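Some notes on the structure that comes next.
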Amino acid sequence: MDKDDGDFKTRLKIAKEKFNKDFLAESNKRGSFMGSAFRLGTELVAAVAVGTIIGFILDSWFDTKPWLIIIFFFLGSAAGMMNIIRTAKKMQKEE
Amino acid sequence: MATNPMHQFQVHRVGPEIKFGGIDLSFTNASLFMFISALVICLFLFLGTKEKKIIPNKMQLISELLYNFIAKMISDTAGTKAKPYFSFIFSLFVFVLICNMVGMLPYSFTVTSHIIVTLIMAMFIFVAVTVIGFIKHGFKYLSIFVPSGVPALLLPLITVIEIISYLSRPVSLSVRLFANMMAGHTMLKVFGGFVVSLGILGGWLPLSFSVALTGLEILVAFLQAYVFAILTCIYLNDALNLHH
């Protein structure tokens with residue numbers, strides 16, 4: 001029984017290492033790649049939308065229609081670009 | 001036969017109407033399916049962790065796999081400082097995953113295909129991360145809006161852009177999950193409608209598409225839950241480790 005137990009422990013250890021190395025690494029990598037691909041699109045759109053909404057709200061506050069909405073639309077686009085560059089950089093670092 | 005592909009997203013009341021000071025608090029099908037998802041999670045994890053064997057049965061194996069998966073994800077993206085938030089991220093991931101998966105069953109309702117559900121979750125994460133950032137770093141947390149190495153002339157512009165980028169986080173987080181789930185389910189329903197309208201002769205092609213789309217949708221359901229959780233980890237990382 002004792003011998004069996006020791007044998008089992010080493011086998012478990014080997015199996016665990018193999019599992020961690022092969023399966024988890026592989027599935028994690030593939031998952032995060034596809035995840036990042038899905039990420040990029042919404043990242044741009046969300047920033048543009050948020051920028052435009054901020055511009056719209058500020059416009060109705062200060063009564064400066066339509067200037068702030070135009071300015072914040074471009075600022076939002078810039079923020080979206082920055083988001084995308086940042087995400088892409090992160091993806092490259094992970095590689 | 002409901003031929004309208006958007007009909008599946010309708011929220012309707014289940015049981016009696018409950019009005020509370022002008023606010024409709026009735027139990028709807030959305031609440032019902034959230035309740036079912038939570039029940040499935042609790043039951044599954046309870047059964048999975050009931051017997052703690054060295055050689056696990058299938059239930060225990062899946063629960064342990066799930067635990068390892070999340071633990072590894074958190075330590076990879078947010079480091080050891082994020083360990084105290086494990087339970088939150090684990091619950092978030094499992095809830096989104098099971099809601100998506102329950103939505104894949106025929107005649108069920110997909111809770112995550114409603115933007116209000118995903119937006120509330122994303123807003124909660126956003127507020128929580130901001131509060132955690134301010135607790136950990138005080139007013140130094142505001143320095144994430146001022147990137148280093150920027151010329152003084154450009155600084156006001158960059159700061160405004162950074163603030164917009166920060167505010168866009170909950171929007172992108174919620175819209176991604178909502179749009180993926182809604183688009184997928186609408187597409188499934190449209191192809192299902194084609195099968196019915198083309199009949200026994202022409203219906204085989206859309207049926208095969210429908211089968212393939214179901215497989216894709218299950219992948220998307222998992223992937224979106226994963227992305228939701230990993231982005232929460234990334235935002236948490238930004239709040240915990242300033243200037244990474």
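Chains: A, B, ... in order of the structure tokens. Residues: from 1 per chain. Ligands: from 1, in order shown.
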
Cut-off 12 Å: closest chain B/chain A atom pairs per residue, using only C-alpha atoms, as a Markdown table:
```
| residue | atom | partner | partner_atom | distance |
| --- | --- | --- | --- | --- |
| B:Ile54 | CA | A:Leu12 | CA | 9.7 |
| B:Ile55 | CA | A:Leu12 | CA | 9.6 |
| B:Leu65 | CA | A:Leu24 | CA | 9.7 |
| B:Leu66 | CA | A:Leu24 | CA | 11.4 |
| B:Asn68 | CA | A:Leu24 | CA | 9.5 |
| B:Phe69 | CA | A:Leu24 | CA | 8.0 |
| B:Ile70 | CA | A:Asn28 | CA | 10.8 |
| B:Lys72 | CA | A:Leu24 | CA | 9.4 |
| B:Met73 | CA | A:Asn28 | CA | 8.5 |
| B:Asp76 | CA | A:Glu94 | CA | 10.2 |
| B:Thr77 | CA | A:Glu94 | CA | 10.1 |
| B:Phe145 | CA | A:Ala79 | CA | 11.9 |
| B:Pro156 | CA | A:Leu75 | CA | 11.7 |
| B:Leu157 | CA | A:Leu75 | CA | 8.3 |
| B:Ile158 | CA | A:Ala79 | CA | 8.8 |
| B:Thr159 | CA | A:Ala79 | CA | 10.1 |
| B:Val160 | CA | A:Leu75 | CA | 7.7 |
| B:Ile161 | CA | A:Ala79 | CA | 5.1 |
| B:Glu162 | CA | A:Ala79 | CA | 6.6 |
| B:Ile163 | CA | A:Ala79 | CA | 8.5 |
| B:Ile164 | CA | A:Gly51 | CA | 6.0 |
| B:Ser165 | CA | A:Ala79 | CA | 5.1 |
| B:Tyr166 | CA | A:Ala47 | CA | 8.7 |
| B:Leu167 | CA | A:Val50 | CA | 7.1 |
| B:Ser168 | CA | A:Ala47 | CA | 5.0 |
| B:Arg169 | CA | A:Ala46 | CA | 7.7 |
| B:Pro170 | CA | A:Ala46 | CA | 8.7 |
| B:Val171 | CA | A:Ala46 | CA | 5.7 |
| B:Ser172 | CA | A:Ala46 | CA | 5.0 |
| B:Leu173 | CA | A:Thr42 | CA | 8.2 |
| B:Ser174 | CA | A:Thr42 | CA | 9.6 |
| B:Val175 | CA | A:Thr42 | CA | 7.3 |
| B:Arg176 | CA | A:Thr42 | CA | 6.2 |
| B:Leu177 | CA | A:Thr42 | CA | 9.9 |
| B:Phe178 | CA | A:Thr42 | CA | 11.2 |
| B:Ala179 | CA | A:Thr42 | CA | 9.6 |
| B:Asn180 | CA | A:Phe38 | CA | 9.3 |
| B:Leu219 | CA | A:Gly31 | CA | 9.9 |
| B:Val220 | CA | A:Gly35 | CA | 9.5 |
| B:Ala221 | CA | A:Gly35 | CA | 11.5 |
| B:Phe222 | CA | A:Gly31 | CA | 9.4 |
| B:Leu223 | CA | A:Gly35 | CA | 6.4 |
| B:Gln224 | CA | A:Gly35 | CA | 7.4 |
| B:Ala225 | CA | A:Gly35 | CA | 9.8 |
| B:Tyr226 | CA | A:Gly35 | CA | 7.6 |
| B:Val227 | CA | A:Gly35 | CA | 5.6 |
| B:Phe228 | CA | A:Gly35 | CA | 9.3 |
| B:Ala229 | CA | A:Gly35 | CA | 10.8 |
| B:Ile230 | CA | A:Ser32 | CA | 8.8 |
| B:Leu231 | CA | A:Arg39 | CA | 9.3 |
| B:Ile234 | CA | A:Lys90 | CA | 10.5 |
| B:His244 | CA | A:Lys90 | CA | 11.3 |
```

Write the residues of the selection above to a file with C-alpha atoms, as an mmCIF file, in the first residue's frame.
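This went into part-v5.cif:
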```
data_model
loop_
_atom_site.group_PDB
_atom_site.id
_atom_site.type_symbol
_atom_site.label_atom_id
_atom_site.label_comp_id
_atom_site.auth_asym_id
_atom_site.auth_seq_id
_atom_site.Cartn_x
_atom_site.Cartn_y
_atom_site.Cartn_z
ATOM 1 C CA ILE B 54 -7.891 12.513 -4.481
ATOM 2 C CA ILE B 55 -9.141 10.993 -7.707
ATOM 3 C CA LEU B 65 -10.610 23.075 -13.382
ATOM 4 C CA LEU B 66 -12.758 26.183 -13.138
ATOM 5 C CA ASN B 68 -7.552 26.752 -11.456
ATOM 6 C CA PHE B 69 -8.537 28.528 -14.639
ATOM 7 C CA ILE B 70 -9.662 31.679 -12.828
ATOM 8 C CA LYS B 72 -4.279 31.390 -13.172
ATOM 9 C CA MET B 73 -6.023 34.133 -15.133
ATOM 10 C CA ASP B 76 -1.280 36.208 -14.968
ATOM 11 C CA THR B 77 -3.036 39.510 -15.611
ATOM 12 C CA PHE B 145 -4.719 60.400 -16.661
ATOM 13 C CA PRO B 156 -4.179 69.180 -21.527
ATOM 14 C CA LEU B 157 -5.211 67.488 -24.762
ATOM 15 C CA ILE B 158 -3.787 64.111 -23.759
ATOM 16 C CA THR B 159 -5.404 64.334 -20.341
ATOM 17 C CA VAL B 160 -8.847 64.920 -21.875
ATOM 18 C CA ILE B 161 -8.290 62.009 -24.254
ATOM 19 C CA GLU B 162 -7.198 59.794 -21.370
ATOM 20 C CA ILE B 163 -10.308 60.692 -19.387
ATOM 21 C CA ILE B 164 -12.545 59.818 -22.341
ATOM 22 C CA SER B 165 -10.650 56.573 -22.754
ATOM 23 C CA TYR B 166 -11.153 55.785 -19.069
ATOM 24 C CA LEU B 167 -14.871 56.596 -19.224
ATOM 25 C CA SER B 168 -15.320 54.400 -22.284
ATOM 26 C CA ARG B 169 -14.353 51.282 -20.324
ATOM 27 C CA PRO B 170 -17.794 50.347 -18.956
ATOM 28 C CA VAL B 171 -19.372 51.093 -22.335
ATOM 29 C CA SER B 172 -17.035 48.841 -24.289
ATOM 30 C CA LEU B 173 -17.238 46.141 -21.618
ATOM 31 C CA SER B 174 -21.030 46.013 -21.623
ATOM 32 C CA VAL B 175 -21.638 46.603 -25.328
ATOM 33 C CA ARG B 176 -19.282 43.783 -26.299
ATOM 34 C CA LEU B 177 -21.103 41.156 -24.252
ATOM 35 C CA PHE B 178 -24.572 42.439 -25.106
ATOM 36 C CA ALA B 179 -23.932 42.802 -28.851
ATOM 37 C CA ASN B 180 -22.337 39.381 -29.184
ATOM 38 C CA LEU B 219 -17.859 29.135 -28.210
ATOM 39 C CA VAL B 220 -18.889 32.812 -28.158
ATOM 40 C CA ALA B 221 -20.790 32.289 -24.899
ATOM 41 C CA PHE B 222 -17.637 30.987 -23.249
ATOM 42 C CA LEU B 223 -15.332 33.494 -24.899
ATOM 43 C CA GLN B 224 -17.410 36.523 -23.940
ATOM 44 C CA ALA B 225 -17.560 35.396 -20.322
ATOM 45 C CA TYR B 226 -13.785 34.959 -20.445
ATOM 46 C CA VAL B 227 -13.229 38.378 -22.023
ATOM 47 C CA PHE B 228 -15.542 40.008 -19.480
ATOM 48 C CA ALA B 229 -13.588 38.467 -16.617
ATOM 49 C CA ILE B 230 -10.126 39.111 -18.070
ATOM 50 C CA LEU B 231 -10.910 42.767 -18.760
ATOM 51 C CA ILE B 234 -6.860 44.161 -16.440
ATOM 52 C CA HIS B 244 2.800 49.197 -15.035
#
```

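Of the listed residues B:Ala239, B:Val102, B:Leu198, B:Ile135, the one whose atoms come nearest to B:Ile218 is B:Val102, with distances taken using only C-alpha atoms.
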
Could you give me, as a PyMOL selection string, each residue of stretch 2-243 of chain B that DSSP assigns to strand (DSSP E or B) when run on this structure's backbone? chain B and resi 13+19-20+23-24+28

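The spacing separating atom CA of B:Met34 from atom CA of B:His7 amounts to 18.9 Å.
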
Report, in Å with one decimal, the straight-line distance from atom CA of B:Ala82 to atom CA of B:Tyr235. 10.9 Å

Excluding same-chain residues fewer than 2 positions from stretch 181-197 of chain B, what lies within 6 Å of it counting only C-alpha atoms, as a list in words? Pro5, Ser113, Phe178, Ala179, Gly199, Gly203, Pro206, Leu207 and Ser210 of chain B

Selected residues written out, N, CA and C atoms, as an mmCIF file, in the first residue's frame:
```
data_model
loop_
_atom_site.group_PDB
_atom_site.id
_atom_site.type_symbol
_atom_site.label_atom_id
_atom_site.label_comp_id
_atom_site.auth_asym_id
_atom_site.auth_seq_id
_atom_site.Cartn_x
_atom_site.Cartn_y
_atom_site.Cartn_z
ATOM 1 N N PRO B 5 -37.704 37.530 -35.227
ATOM 2 C CA PRO B 5 -36.478 37.106 -34.545
ATOM 3 C C PRO B 5 -36.181 37.883 -33.268
ATOM 4 N N SER B 113 -28.300 39.197 -23.042
ATOM 5 C CA SER B 113 -28.570 39.867 -24.322
ATOM 6 C C SER B 113 -29.302 41.180 -24.092
ATOM 7 N N PHE B 178 -23.179 42.327 -24.658
ATOM 8 C CA PHE B 178 -24.572 42.439 -25.106
ATOM 9 C C PHE B 178 -24.688 42.220 -26.613
ATOM 10 N N ALA B 179 -23.827 42.881 -27.391
ATOM 11 C CA ALA B 179 -23.932 42.802 -28.851
ATOM 12 C C ALA B 179 -23.659 41.391 -29.338
ATOM 13 N N GLY B 199 -39.287 24.900 -45.977
ATOM 14 C CA GLY B 199 -39.929 23.594 -45.952
ATOM 15 C C GLY B 199 -38.966 22.430 -46.075
ATOM 16 N N GLY B 203 -35.079 23.391 -46.873
ATOM 17 C CA GLY B 203 -34.735 23.757 -45.500
ATOM 18 C C GLY B 203 -33.446 23.169 -44.974
ATOM 19 N N PRO B 206 -30.223 25.904 -44.615
ATOM 20 C CA PRO B 206 -30.245 26.731 -43.396
ATOM 21 C C PRO B 206 -30.181 25.902 -42.110
ATOM 22 N N LEU B 207 -30.693 24.673 -42.156
ATOM 23 C CA LEU B 207 -30.622 23.833 -40.957
ATOM 24 C C LEU B 207 -29.177 23.514 -40.610
ATOM 25 N N SER B 210 -27.632 26.435 -39.160
ATOM 26 C CA SER B 210 -28.124 26.611 -37.801
ATOM 27 C C SER B 210 -27.342 25.749 -36.824
#
```

For the structure I just gave you, how does DSSP split stretch 77-185 of chain B - specifically, which residues are alpha helix (DSSP H)? Reply as a compact mmCIF listing (two decimals) with N, CA and C atoms, in the first residue's frame.
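Printed below is result_10.txt as written:
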```txt
# COMPACT_ATOMS: atom_id res chain seq x y z
N THR B 77 -2.74 38.16 -15.13
CA THR B 77 -3.04 39.51 -15.61
C THR B 77 -2.91 40.57 -14.54
N PHE B 86 -10.40 37.47 -5.77
CA PHE B 86 -10.66 36.22 -6.49
C PHE B 86 -12.14 35.86 -6.49
N SER B 87 -12.78 35.93 -5.31
CA SER B 87 -14.17 35.48 -5.21
C SER B 87 -15.08 36.32 -6.10
N PHE B 88 -14.81 37.62 -6.17
CA PHE B 88 -15.63 38.49 -7.01
C PHE B 88 -15.49 38.11 -8.48
N ILE B 89 -14.25 37.95 -8.94
CA ILE B 89 -14.04 37.67 -10.36
C ILE B 89 -14.55 36.27 -10.71
N PHE B 90 -14.37 35.34 -9.78
CA PHE B 90 -14.88 33.98 -10.00
C PHE B 90 -16.40 34.00 -10.16
N SER B 91 -17.09 34.70 -9.24
CA SER B 91 -18.56 34.76 -9.33
C SER B 91 -18.99 35.43 -10.62
N LEU B 92 -18.29 36.51 -10.97
CA LEU B 92 -18.63 37.25 -12.18
C LEU B 92 -18.51 36.35 -13.41
N PHE B 93 -17.37 35.68 -13.52
CA PHE B 93 -17.13 34.81 -14.68
C PHE B 93 -18.17 33.71 -14.75
N VAL B 94 -18.38 33.03 -13.63
CA VAL B 94 -19.29 31.89 -13.65
C VAL B 94 -20.72 32.34 -13.92
N PHE B 95 -21.10 33.48 -13.36
CA PHE B 95 -22.47 33.97 -13.59
C PHE B 95 -22.69 34.31 -15.06
N VAL B 96 -21.76 35.06 -15.65
CA VAL B 96 -21.91 35.41 -17.06
C VAL B 96 -21.90 34.16 -17.92
N LEU B 97 -20.99 33.24 -17.61
CA LEU B 97 -20.88 32.01 -18.39
C LEU B 97 -22.17 31.20 -18.33
N ILE B 98 -22.70 31.01 -17.13
CA ILE B 98 -23.90 30.17 -17.00
C ILE B 98 -25.11 30.88 -17.59
N CYS B 99 -25.19 32.21 -17.45
CA CYS B 99 -26.29 32.94 -18.08
C CYS B 99 -26.24 32.75 -19.59
N ASN B 100 -25.05 32.85 -20.18
CA ASN B 100 -24.91 32.65 -21.62
C ASN B 100 -25.29 31.22 -22.01
N MET B 101 -24.84 30.26 -21.21
CA MET B 101 -25.07 28.86 -21.55
C MET B 101 -26.54 28.49 -21.38
N VAL B 102 -27.17 28.98 -20.32
CA VAL B 102 -28.60 28.73 -20.12
C VAL B 102 -29.38 29.33 -21.29
N GLY B 103 -28.91 30.47 -21.78
CA GLY B 103 -29.56 31.10 -22.93
C GLY B 103 -29.49 30.28 -24.20
N ILE B 115 -28.92 45.01 -22.68
CA ILE B 115 -27.80 45.91 -22.34
C ILE B 115 -27.88 46.40 -20.91
N ILE B 116 -29.07 46.49 -20.36
CA ILE B 116 -29.17 47.01 -19.00
C ILE B 116 -28.48 46.07 -18.01
N VAL B 117 -28.58 44.77 -18.25
CA VAL B 117 -27.95 43.80 -17.35
C VAL B 117 -26.43 43.93 -17.42
N THR B 118 -25.91 43.94 -18.67
CA THR B 118 -24.45 44.00 -18.81
C THR B 118 -23.93 45.36 -18.37
N LEU B 119 -24.72 46.42 -18.64
CA LEU B 119 -24.26 47.76 -18.28
C LEU B 119 -24.18 47.91 -16.76
N ILE B 120 -25.16 47.35 -16.06
CA ILE B 120 -25.12 47.44 -14.60
C ILE B 120 -23.89 46.72 -14.06
N MET B 121 -23.60 45.53 -14.62
CA MET B 121 -22.42 44.79 -14.16
C MET B 121 -21.15 45.58 -14.45
N ALA B 122 -21.07 46.13 -15.68
CA ALA B 122 -19.88 46.88 -16.07
C ALA B 122 -19.72 48.15 -15.23
N MET B 123 -20.85 48.83 -14.96
CA MET B 123 -20.81 50.04 -14.14
C MET B 123 -20.33 49.73 -12.73
N PHE B 124 -20.82 48.61 -12.21
CA PHE B 124 -20.41 48.20 -10.87
C PHE B 124 -18.90 47.97 -10.84
N ILE B 125 -18.38 47.27 -11.85
CA ILE B 125 -16.95 47.01 -11.93
C ILE B 125 -16.18 48.32 -12.02
N PHE B 126 -16.68 49.21 -12.89
CA PHE B 126 -16.01 50.51 -13.11
C PHE B 126 -15.93 51.31 -11.81
N VAL B 127 -17.07 51.42 -11.12
CA VAL B 127 -17.08 52.18 -9.86
C VAL B 127 -16.19 51.50 -8.83
N ALA B 128 -16.29 50.18 -8.74
CA ALA B 128 -15.49 49.45 -7.75
C ALA B 128 -14.00 49.63 -8.00
N VAL B 129 -13.60 49.51 -9.28
CA VAL B 129 -12.18 49.65 -9.62
C VAL B 129 -11.69 51.06 -9.29
N THR B 130 -12.51 52.07 -9.62
CA THR B 130 -12.13 53.46 -9.32
C THR B 130 -11.98 53.67 -7.81
N VAL B 131 -12.94 53.14 -7.05
CA VAL B 131 -12.87 53.29 -5.59
C VAL B 131 -11.64 52.58 -5.03
N ILE B 132 -11.37 51.37 -5.54
CA ILE B 132 -10.19 50.63 -5.08
C ILE B 132 -8.92 51.42 -5.40
N GLY B 133 -8.87 52.00 -6.60
CA GLY B 133 -7.71 52.80 -6.99
C GLY B 133 -7.49 53.97 -6.04
N PHE B 134 -8.59 54.67 -5.70
CA PHE B 134 -8.44 55.83 -4.81
C PHE B 134 -8.09 55.40 -3.39
N ILE B 135 -8.60 54.25 -2.95
CA ILE B 135 -8.26 53.77 -1.60
C ILE B 135 -6.78 53.39 -1.53
N LYS B 136 -6.29 52.72 -2.58
CA LYS B 136 -4.91 52.22 -2.55
C LYS B 136 -3.90 53.35 -2.73
N HIS B 137 -4.22 54.33 -3.59
CA HIS B 137 -3.21 55.32 -3.96
C HIS B 137 -3.58 56.75 -3.58
N LEU B 155 -0.13 68.33 -22.97
CA LEU B 155 -0.65 67.68 -21.77
C LEU B 155 -2.16 67.84 -21.57
N PRO B 156 -2.72 69.07 -21.72
CA PRO B 156 -4.18 69.18 -21.53
C PRO B 156 -4.98 68.31 -22.49
N LEU B 157 -4.52 68.28 -23.74
CA LEU B 157 -5.21 67.49 -24.76
C LEU B 157 -5.17 66.00 -24.41
N ILE B 158 -3.96 65.53 -24.06
CA ILE B 158 -3.79 64.11 -23.76
C ILE B 158 -4.60 63.73 -22.53
N THR B 159 -4.65 64.64 -21.55
CA THR B 159 -5.40 64.33 -20.34
C THR B 159 -6.89 64.16 -20.66
N VAL B 160 -7.43 65.06 -21.50
CA VAL B 160 -8.85 64.92 -21.88
C VAL B 160 -9.07 63.60 -22.60
N ILE B 161 -8.15 63.26 -23.51
CA ILE B 161 -8.29 62.01 -24.25
C ILE B 161 -8.22 60.81 -23.31
N GLU B 162 -7.32 60.89 -22.34
CA GLU B 162 -7.20 59.79 -21.37
C GLU B 162 -8.47 59.63 -20.56
N ILE B 163 -9.08 60.78 -20.19
CA ILE B 163 -10.31 60.69 -19.39
C ILE B 163 -11.42 60.06 -20.21
N ILE B 164 -11.52 60.44 -21.49
CA ILE B 164 -12.55 59.82 -22.34
C ILE B 164 -12.28 58.32 -22.47
N SER B 165 -11.00 57.98 -22.62
CA SER B 165 -10.65 56.57 -22.75
C SER B 165 -11.01 55.79 -21.49
N TYR B 166 -10.80 56.44 -20.33
CA TYR B 166 -11.15 55.78 -19.07
C TYR B 166 -12.66 55.62 -18.94
N LEU B 167 -13.41 56.65 -19.34
CA LEU B 167 -14.87 56.60 -19.22
C LEU B 167 -15.49 55.61 -20.21
N SER B 168 -14.75 55.30 -21.28
CA SER B 168 -15.32 54.40 -22.28
C SER B 168 -15.23 52.94 -21.85
N ARG B 169 -14.52 52.67 -20.75
CA ARG B 169 -14.35 51.28 -20.32
C ARG B 169 -15.68 50.55 -20.05
N PRO B 170 -16.56 51.10 -19.21
CA PRO B 170 -17.79 50.35 -18.96
C PRO B 170 -18.63 50.17 -20.20
N VAL B 171 -18.58 51.19 -21.10
CA VAL B 171 -19.37 51.09 -22.33
C VAL B 171 -18.87 49.95 -23.19
N SER B 172 -17.55 49.90 -23.41
CA SER B 172 -17.03 48.84 -24.29
C SER B 172 -17.23 47.48 -23.64
N LEU B 173 -17.08 47.42 -22.32
CA LEU B 173 -17.24 46.14 -21.62
C LEU B 173 -18.65 45.61 -21.77
N SER B 174 -19.64 46.49 -21.59
CA SER B 174 -21.03 46.01 -21.62
C SER B 174 -21.51 45.80 -23.05
N VAL B 175 -21.14 46.73 -23.96
CA VAL B 175 -21.64 46.60 -25.33
C VAL B 175 -21.11 45.33 -25.99
N ARG B 176 -19.87 44.97 -25.67
CA ARG B 176 -19.28 43.78 -26.30
C ARG B 176 -20.08 42.53 -25.96
N LEU B 177 -20.36 42.34 -24.68
CA LEU B 177 -21.10 41.16 -24.25
C LEU B 177 -22.52 41.17 -24.81
N PHE B 178 -23.18 42.33 -24.66
CA PHE B 178 -24.57 42.44 -25.11
C PHE B 178 -24.69 42.22 -26.61
N ALA B 179 -23.83 42.88 -27.39
CA ALA B 179 -23.93 42.80 -28.85
C ALA B 179 -23.66 41.39 -29.34
N ASN B 180 -22.65 40.74 -28.76
CA ASN B 180 -22.34 39.38 -29.18
C ASN B 180 -23.49 38.44 -28.93
N MET B 181 -24.07 38.53 -27.73
CA MET B 181 -25.15 37.61 -27.39
C MET B 181 -26.39 37.89 -28.23
N MET B 182 -26.73 39.19 -28.39
CA MET B 182 -27.94 39.50 -29.12
C MET B 182 -27.79 39.13 -30.60
N ALA B 183 -26.66 39.48 -31.19
CA ALA B 183 -26.45 39.18 -32.61
C ALA B 183 -26.52 37.68 -32.85
N GLY B 184 -25.87 36.92 -32.00
CA GLY B 184 -25.85 35.46 -32.18
C GLY B 184 -27.23 34.86 -32.09
N HIS B 185 -28.00 35.29 -31.09
CA HIS B 185 -29.32 34.70 -30.91
C HIS B 185 -30.28 35.12 -32.01
```

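In this structure, atom CA of B:Thr214 sits 24.5 Å away from atom CA of B:Lys58.
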
Using only C-alpha atoms, which residues sit within 6 Å of stretch 41-53 of chain B once same-chain residues fewer than 5 positions away are excluded, as a JSON list (two decimals) with C-alpha atoms, in the first residue's frame?
```json
[["chain", "number", "residue", "atom", "x", "y", "z"],
["B", 59, "MET", "CA", -18.23, 17.17, -11.14],
["B", 60, "GLN", "CA", -15.28, 17.74, -8.84],
["B", 63, "SER", "CA", -15.12, 22.64, -10.44]]
```

Hey, what's within 8 Å of B:Phe9 if we count only C-alpha atoms and toss same-chain stuff fewer than 5 positions away? As a compact mmCIF listing (two decimals) with N, CA, C and O atoms, in the first residue's frame, please?
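Contents of the output file around-v6.txt:
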```txt
# COMPACT_ATOMS: atom_id res chain seq x y z
N PHE B 109 -34.32 32.13 -22.04
CA PHE B 109 -34.18 33.57 -22.22
C PHE B 109 -32.73 33.91 -21.88
O PHE B 109 -32.19 33.44 -20.88
N THR B 110 -32.09 34.71 -22.74
CA THR B 110 -30.69 35.06 -22.50
C THR B 110 -30.63 36.38 -21.75
O THR B 110 -30.93 37.42 -22.30
N SER B 113 -28.30 39.20 -23.04
CA SER B 113 -28.57 39.87 -24.32
C SER B 113 -29.30 41.18 -24.09
O SER B 113 -29.76 41.80 -25.05
N HIS B 114 -29.43 41.60 -22.84
CA HIS B 114 -30.05 42.89 -22.54
C HIS B 114 -28.99 43.84 -22.03
O HIS B 114 -28.26 43.51 -21.08
```

Find the residues around B:Pro16 up to 12 Å (only C-alpha atoms counted), leave out those fewer than 4 positions away in its own chain, and share them as number ranges by chain. B: 12, 24-28
